[in-house]
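Trainee: Got a structure for you, entry.cif, holding mmCIF, C-alpha atoms and all ligand atoms.
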```cif
data_entry
#
loop_
_atom_site.label_atom_id
_atom_site.label_comp_id
_atom_site.auth_asym_id
_atom_site.auth_seq_id
_atom_site.Cartn_x
_atom_site.Cartn_y
_atom_site.Cartn_z
CA MET H 24 0.00 0.00 0.00
CA HIS H 25 2.88 2.38 0.53
CA THR H 26 5.54 3.16 -1.99
CA ALA H 27 8.70 3.36 0.00
CA SER H 28 11.13 6.09 -0.81
CA SER H 29 14.59 4.98 -1.69
CA ALA H 30 18.18 6.05 -1.49
CA GLN H 31 18.48 6.40 -5.25
CA ASP H 32 16.21 9.45 -5.17
CA GLU H 33 17.10 10.78 -8.56
CA PRO H 34 15.10 13.51 -10.18
CA ASN H 35 14.23 12.54 -13.70
CA THR H 36 12.78 14.38 -16.63
CA HIS H 37 9.14 13.28 -16.49
CA LEU H 38 8.19 16.38 -14.54
CA SER H 39 9.37 19.62 -16.07
CA GLU H 40 11.01 22.20 -13.84
CA GLU H 41 8.45 24.69 -14.99
CA LEU H 42 5.61 22.48 -13.76
CA GLU H 43 7.38 21.89 -10.44
CA LEU H 44 7.72 25.63 -10.01
CA ARG H 45 4.07 26.33 -10.79
CA ILE H 46 2.91 23.68 -8.33
CA GLY H 47 5.28 24.94 -5.63
CA ASN H 48 4.16 28.54 -6.09
CA ASP H 49 0.47 27.61 -6.05
CA LEU H 50 0.76 25.58 -2.86
CA PHE H 51 2.77 28.30 -1.18
CA ASP H 52 0.45 31.15 -2.26
CA GLN H 53 -2.96 29.52 -1.92
CA GLY H 54 -2.66 26.05 -0.39
CA TRP H 55 -3.89 24.26 -3.50
CA SER H 56 -3.02 23.73 -7.14
CA GLN H 57 -4.78 22.47 -10.26
CA GLN H 58 -2.76 21.14 -13.19
CA ASP H 59 -4.50 20.06 -16.37
CA GLY H 60 -2.94 17.39 -18.54
CA PHE H 61 -0.72 16.22 -15.71
CA LEU H 62 -1.25 12.69 -17.03
CA SER H 63 -1.08 12.02 -20.75
CA ALA H 64 -4.37 10.97 -22.37
CA GLY H 65 -2.97 7.47 -22.90
CA LEU H 66 -1.93 6.95 -19.28
CA SER H 67 -5.19 8.37 -17.99
CA ALA H 68 -7.18 6.03 -20.28
CA ALA H 69 -5.15 2.99 -19.19
CA LEU H 70 -5.71 3.85 -15.52
CA ALA H 71 -9.44 4.39 -16.07
CA GLU H 72 -9.70 1.01 -17.76
CA GLU H 73 -7.83 -0.65 -14.89
CA CYS H 74 -10.09 1.03 -12.34
CA ARG H 75 -13.22 -0.14 -14.19
CA ALA H 76 -11.88 -3.68 -14.52
CA LEU H 77 -11.02 -3.83 -10.81
CA MET H 78 -14.48 -2.49 -9.94
CA ALA H 79 -16.13 -5.11 -12.17
CA ALA H 80 -14.02 -7.83 -10.53
CA GLY H 81 -15.17 -6.77 -7.07
CA ALA H 82 -11.72 -5.59 -5.97
CA LEU H 83 -12.92 -2.19 -4.83
CA LYS H 84 -14.55 -2.03 -1.39
CA LYS H 85 -16.80 0.56 0.19
CA ALA H 86 -14.53 3.14 1.78
CA GLY H 87 -14.74 3.78 5.49
CA ILE H 88 -14.19 6.90 7.53
CA GLY H 89 -11.73 7.12 10.41
CA ARG H 90 -8.79 4.83 11.01
CA GLY H 91 -8.05 1.29 12.11
CA GLU H 92 -10.48 -0.10 14.69
CA GLU H 93 -12.62 2.99 14.51
CA GLN H 94 -13.32 2.63 10.80
CA THR H 95 -16.98 2.72 9.95
CA ILE H 96 -18.87 2.59 6.66
CA ARG H 97 -21.09 5.63 6.40
CA PRO H 98 -22.45 5.93 2.86
CA ASP H 99 -24.27 9.10 3.93
CA ILE H 100 -20.87 10.69 4.58
CA ARG H 101 -18.68 8.91 2.04
CA GLY H 102 -19.90 6.89 -0.95
CA ASP H 103 -16.82 5.82 -2.89
CA HIS H 104 -15.37 2.34 -3.41
CA ILE H 105 -11.59 2.06 -3.17
CA VAL H 106 -8.62 -0.23 -3.64
CA TRP H 107 -5.10 0.65 -2.52
CA LEU H 108 -2.32 0.54 -5.12
CA ARG H 109 0.65 -1.77 -4.88
CA THR H 110 3.86 -1.23 -6.79
CA GLY H 111 4.17 -3.71 -9.62
CA GLN H 112 0.43 -4.25 -10.06
CA SER H 113 0.45 -2.85 -13.61
CA PRO H 114 2.64 -0.77 -15.93
CA ALA H 115 0.09 2.07 -15.84
CA CYS H 116 0.04 2.20 -12.04
CA ASP H 117 3.82 2.06 -11.92
CA SER H 118 4.10 4.98 -14.36
CA TYR H 119 1.69 6.97 -12.22
CA LEU H 120 3.59 6.11 -9.02
CA GLN H 121 6.87 7.06 -10.67
CA LEU H 122 5.48 10.41 -11.65
CA MET H 123 4.22 11.03 -8.13
CA ASP H 124 7.61 10.13 -6.77
CA GLN H 125 9.12 12.85 -8.98
CA LEU H 126 6.58 15.22 -7.52
CA ARG H 127 7.45 14.12 -3.98
CA LEU H 128 11.11 14.92 -4.57
CA ALA H 129 10.24 18.27 -6.15
CA LEU H 130 8.07 19.20 -3.15
CA ASN H 131 10.90 18.26 -0.82
CA ARG H 132 13.29 20.46 -2.77
CA SER H 133 10.88 23.42 -2.69
CA PHE H 134 9.59 23.17 0.87
CA PHE H 135 11.99 20.92 2.81
CA LEU H 136 8.95 18.91 3.83
CA GLY H 137 10.74 15.61 4.31
CA LEU H 138 8.00 13.73 2.49
CA GLU H 139 8.99 10.08 2.68
CA GLU H 140 6.25 8.17 0.99
CA TYR H 141 3.16 8.31 -1.13
CA GLU H 142 0.08 6.16 -0.56
CA SER H 143 -2.69 6.01 -3.11
CA HIS H 144 -5.95 4.30 -3.99
CA PHE H 145 -8.31 4.10 -6.92
CA ALA H 146 -11.69 5.60 -6.07
CA PHE H 147 -14.96 4.91 -7.84
CA TYR H 148 -17.97 7.05 -6.95
CA PRO H 149 -21.19 5.60 -8.41
CA PRO H 150 -23.74 8.21 -9.57
CA GLY H 151 -25.31 10.12 -6.68
CA THR H 152 -22.56 9.32 -4.17
CA ALA H 153 -20.45 12.00 -2.50
CA TYR H 154 -17.94 12.70 0.25
CA GLN H 155 -18.96 15.30 2.84
CA THR H 156 -16.63 18.13 3.85
CA HIS H 157 -13.57 16.83 5.71
CA LEU H 158 -9.84 17.22 6.27
CA ASP H 159 -7.46 14.49 5.11
CA ARG H 160 -5.39 14.41 8.26
CA PHE H 161 -6.34 11.94 11.00
CA ARG H 162 -6.54 13.02 14.62
CA ASP H 163 -4.04 10.37 15.70
CA ASP H 164 -1.77 10.44 12.65
CA ASP H 165 -0.48 13.74 11.34
CA LYS H 166 1.84 12.36 8.65
CA ARG H 167 -0.38 13.14 5.69
CA THR H 168 0.90 16.47 4.42
CA ILE H 169 -0.16 17.01 0.82
CA SER H 170 -3.20 15.44 -0.82
CA ALA H 171 -3.17 14.66 -4.52
CA VAL H 172 -6.12 13.62 -6.66
CA ILE H 173 -5.91 12.66 -10.32
CA TYR H 174 -9.08 12.35 -12.34
CA LEU H 175 -9.74 9.74 -14.99
CA ASN H 176 -13.00 10.81 -16.65
CA GLU H 177 -13.05 11.58 -20.36
CA GLY H 178 -15.49 14.22 -21.57
CA TRP H 179 -16.61 15.41 -18.14
CA LEU H 180 -19.00 18.38 -18.37
CA PRO H 181 -20.08 20.84 -15.66
CA GLU H 182 -23.63 19.44 -15.79
CA HIS H 183 -22.30 16.05 -14.70
CA GLY H 184 -21.58 17.53 -11.25
CA GLY H 185 -18.98 15.67 -9.20
CA ALA H 186 -16.69 18.61 -8.52
CA LEU H 187 -14.06 18.60 -5.81
CA ARG H 188 -15.07 21.66 -3.78
CA MET H 189 -12.36 23.18 -1.62
CA HIS H 190 -13.02 25.67 1.16
CA PRO H 191 -9.96 27.85 1.74
CA GLU H 192 -10.18 29.89 4.94
CA ASP H 193 -11.72 33.34 4.41
CA LYS H 194 -11.97 32.84 0.65
CA PRO H 195 -14.71 31.74 -1.73
CA ALA H 196 -14.96 28.00 -2.41
CA ILE H 197 -13.11 26.59 -5.40
CA GLU H 198 -14.51 23.84 -7.59
CA VAL H 199 -12.42 21.47 -9.68
CA LEU H 200 -14.19 19.19 -12.16
CA PRO H 201 -12.86 15.61 -12.33
CA LEU H 202 -11.63 15.78 -15.91
CA ALA H 203 -9.26 13.11 -17.24
CA GLY H 204 -5.56 13.85 -16.73
CA ARG H 205 -6.16 16.68 -14.26
CA LEU H 206 -4.27 16.86 -10.96
CA ALA H 207 -5.58 18.61 -7.85
CA LEU H 208 -3.23 19.16 -4.90
CA PHE H 209 -3.91 20.72 -1.52
CA LEU H 210 -2.59 20.87 2.03
CA SER H 211 -3.99 17.85 3.88
CA ALA H 212 -4.21 19.43 7.32
CA SER H 213 -5.77 22.77 6.50
CA MET H 214 -7.93 22.56 3.38
CA PRO H 215 -11.50 21.43 4.08
CA HIS H 216 -12.94 19.83 0.95
CA GLU H 217 -15.81 17.69 -0.32
CA VAL H 218 -16.84 15.68 -3.35
CA LEU H 219 -20.18 16.67 -4.86
CA PRO H 220 -22.53 14.00 -6.25
CA ALA H 221 -22.37 13.32 -9.97
CA THR H 222 -24.73 11.97 -12.60
CA ARG H 223 -22.17 9.49 -13.94
CA ASP H 224 -19.43 7.22 -12.58
CA ARG H 225 -16.59 9.30 -11.18
CA LEU H 226 -13.14 7.66 -11.31
CA SER H 227 -9.97 8.96 -9.68
CA LEU H 228 -6.70 8.17 -7.99
CA ALA H 229 -6.45 9.79 -4.57
CA GLY H 230 -3.15 9.89 -2.74
CA TRP H 231 -1.22 11.41 0.11
CA PHE H 232 2.38 12.47 0.49
CA ARG H 233 3.41 11.55 4.01
CA ARG H 234 6.24 12.97 6.02
CA ARG H 235 8.38 11.04 8.42
CA GLY H 236 6.84 10.13 11.76
O1 LIG O 301 -11.90 12.80 -5.35
C1 LIG O 301 -11.72 13.93 -4.90
O2 LIG O 301 -11.86 14.95 -5.58
C2 LIG O 301 -11.34 14.08 -3.44
C3 LIG O 301 -11.35 12.77 -2.66
C4 LIG O 301 -11.10 12.96 -1.19
O3 LIG O 301 -11.32 14.01 -0.65
C5 LIG O 301 -10.53 11.86 -0.39
O4 LIG O 301 -10.46 10.70 -0.86
O5 LIG O 301 -10.13 12.12 0.76
FE FE O 302 -10.24 14.10 1.17
#
```
Could you rewrite the structure in this file as structure tokens?
Mentor:
Amino acid sequence: MHTASSAQDEPNTHLSEELELRIGNDLFDQGWSQQDGFLSAGLSAALAEECRALMAAGALKKAGIGRGEEQTIRPDIRGDHIVWLRTGQSPACDSYLQLMDQLRLALNRSFFLGLEEYESHFAFYPPGTAYQTHLDRFRDDDKRTISAVIYLNEGWLPEHGGALRMHPEDKPAIEVLPLAGRLALFLSASMPHEVLPATRDRLSLAGWFRRRG
């Protein structure tokens, strides 16, 4: 479930310096960032297909809220089905995880955050399901530092709903539609956010950069 960081932390060329800079500036200035076309159309399509196949095979389970023993299934609060990613499960997932590892290193360079790992799951929200406003940091585990969501839905239109709605303090809410290839990033501990219900299946990869304990 976790991708361990490694000693051979070598920046590579998948993430341009310009993109790193934009993401760093956004997070610093406003606590969130949206990057369109973060994934190529081909990679996004392969990941969407994998997510659908896993859903059809029954691999995704109803997501709970809370942690460990205290986990409860509350479809009224959270309606997605999830499965955690493992390294080596598919070439598409490995490409995605590699890209996110580049991003982890870039964030460490910009902010000295000491992010050590990235954990991620596929999420599938059937039509009409949502996720009520919450923070991504657990009361008893403050390692989640930056949240990252990548959307996998071709041809998403505003009338389909399903936006990620963020609530920055003292500012108007921001809505991000779950369009294929798009990346949304925000500070896990301080950005309240929610997923609005949609009229069609809503597929994504949600993940968290975690700092050392
Ligand atoms: O899918 C999204 O836009 C956000 C998902 C989310 O907030 C979560 O999984 O914690
Ligand atoms: Fe969240």
Trainee: Go ahead and compute the interatomic distance for atom CA of Lys166 of chain H and atom CA of Leu138 of chain H, in Å to one decimal.
Mentor: 8.8 Å
Trainee: With distances taken over all atoms listed in the file, which residue among H:Gly89, H:Leu226, H:Leu187, H:Thr156 lies nearest Leu77 of chain H?
Mentor: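 Closest residue, counting all atoms listed in the file: H:Leu226.
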Trainee: Taking (-6.3, 6.3, -0.7) as a centre in this file's frame and 7 Å as the limit, can you find every polymer residue with an atom that close, using all atoms listed in the file, and give them as a PyMOL selection string?
Mentor: chain H and resi 107+142-145+229-230
Trainee: Show me, as a tab-separated table, the residues of chain H having an atom within 10 Å of ligand LIG 301 (chain O), each with the closest atom pair and its distance in Å, using all atoms listed in the file.
Mentor:
```
residue	atom	partner	partner_atom	distance
H:Ala86	CA	O:LIG301	O4	9.0
H:Ile88	CA	O:LIG301	O5	9.5
H:Arg101	CA	O:LIG301	O4	8.9
H:Asp103	CA	O:LIG301	O4	8.3
H:Ile105	CA	O:LIG301	O4	9.0
H:Ser143	CA	O:LIG301	O4	9.4
H:His144	CA	O:LIG301	O4	8.4
H:Phe145	CA	O:LIG301	O4	9.2
H:Ala146	CA	O:LIG301	O1	7.2
H:Phe147	CA	O:LIG301	O1	8.8
H:Tyr148	CA	O:LIG301	O1	8.5
H:Ala153	CA	O:LIG301	O1	9.0
H:Tyr154	CA	O:LIG301	O3	6.8
H:Gln155	CA	O:LIG301	O3	8.5
H:Thr156	CA	O:LIG301	O3	8.1
H:His157	CA	O:LIG301	O3	7.3
H:Leu158	CA	O:LIG301	O5	7.5
H:Asp159	CA	O:LIG301	O5	5.6
H:Arg160	CA	O:LIG301	O5	9.2
H:Ser170	CA	O:LIG301	O5	7.8
H:Ala171	CA	O:LIG301	C2	8.3
H:Val172	CA	O:LIG301	C1	5.9
H:Ile173	CA	O:LIG301	O1	7.8
H:Tyr174	CA	O:LIG301	O1	7.6
H:Gly185	CA	O:LIG301	O2	8.0
H:Ala186	CA	O:LIG301	O2	6.7
H:Leu187	CA	O:LIG301	O2	4.3
H:Arg188	CA	O:LIG301	O2	7.7
H:Met189	CA	O:LIG301	O2	9.1
H:Glu198	CA	O:LIG301	O2	9.5
H:Val199	CA	O:LIG301	O2	7.7
H:Leu200	CA	O:LIG301	O2	8.2
H:Pro201	CA	O:LIG301	O2	6.9
H:Leu206	CA	O:LIG301	O2	9.5
H:Ala207	CA	O:LIG301	O2	7.6
H:Leu208	CA	O:LIG301	O2	9.6
H:Ser211	CA	O:LIG301	O5	9.0
H:Pro215	CA	O:LIG301	O3	8.8
H:His216	CA	O:LIG301	O3	6.2
H:Glu217	CA	O:LIG301	O3	5.8
H:Val218	CA	O:LIG301	O2	5.5
H:Leu219	CA	O:LIG301	O2	8.5
H:Arg225	CA	O:LIG301	O1	8.3
H:Leu226	CA	O:LIG301	O1	8.0
H:Ser227	CA	O:LIG301	O1	6.1
H:Leu228	CA	O:LIG301	O1	7.4
H:Ala229	CA	O:LIG301	O4	5.5
H:Gly230	CA	O:LIG301	O4	7.6
H:Trp231	CA	O:LIG301	O5	9.0
```
Trainee: For each of H:Ser39, H:Thr95, H:Asn176, H:Gln53, take the minimum atom-to-atom distance to Leu122 of chain H, counting only C-alpha atoms, then give the residue where this is smallest.
Mentor: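 Of H:Ser39, H:Thr95, H:Asn176, H:Gln53, the one nearest Leu122 of chain H, counting only C-alpha atoms, is H:Ser39.
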Trainee: Could you tell me how far atom CA of Gln125 of chain H sits from atom CA of Gln58 of chain H, in Å to one decimal place?
Mentor: 15.1 Å
Trainee: What gap, in Å, lies between atom CA of Arg233 of chain H and atom FE of ligand FE 302 (chain O)?
Mentor: 14.2 Å
Trainee: Using all atoms listed in the file, can you tell me which of H:Trp179, H:Tyr141, H:Phe209, H:Phe232 comes closest to Trp55 of chain H?
Mentor: H:Phe209
Trainee: Can you report as AutoDock Vina command-line options the centre and edge lengths in Å, to one decimal, of an axis-aligned box around the listed atoms of segment 68-75 of chain H padded with 8 Å on each side?
Mentor:
```
--center_x -9.2 --center_y 2.7 --center_z -16.3 --size_x 24.1 --size_y 22.7 --size_z 23.9
```
Trainee: Compare H:Met214, H:Ile169, H:Ala115, H:Leu70 by their minimum atom-to-atom distance to Glu140 of chain H, counting only C-alpha atoms, and give me the closest one.
Mentor: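 Once distances to Glu140 of chain H are computed over only C-alpha atoms, the minimum belongs to H:Ile169.
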Trainee: Please check which residues have atoms at most 12 Å from (-14.0, 16.2, -25.8) in the file's coordinates, counting only C-alpha atoms, and write them as a ChimeraX atom specification.
Mentor: /H:64,176-180,202-203
Trainee: Between H:Ile100, H:Leu130, H:Leu108, H:Ala80, single out the one closest to ligand FE 302 (chain O), counting only C-alpha atoms and all ligand atoms.
Mentor: H:Ile100
Trainee: Which residue, H:Ile96, H:Leu120, H:Leu42, H:Ala212, has the smallest gap to ligand FE 302 (chain O) when you use only C-alpha atoms and all ligand atoms?
Mentor: H:Ala212
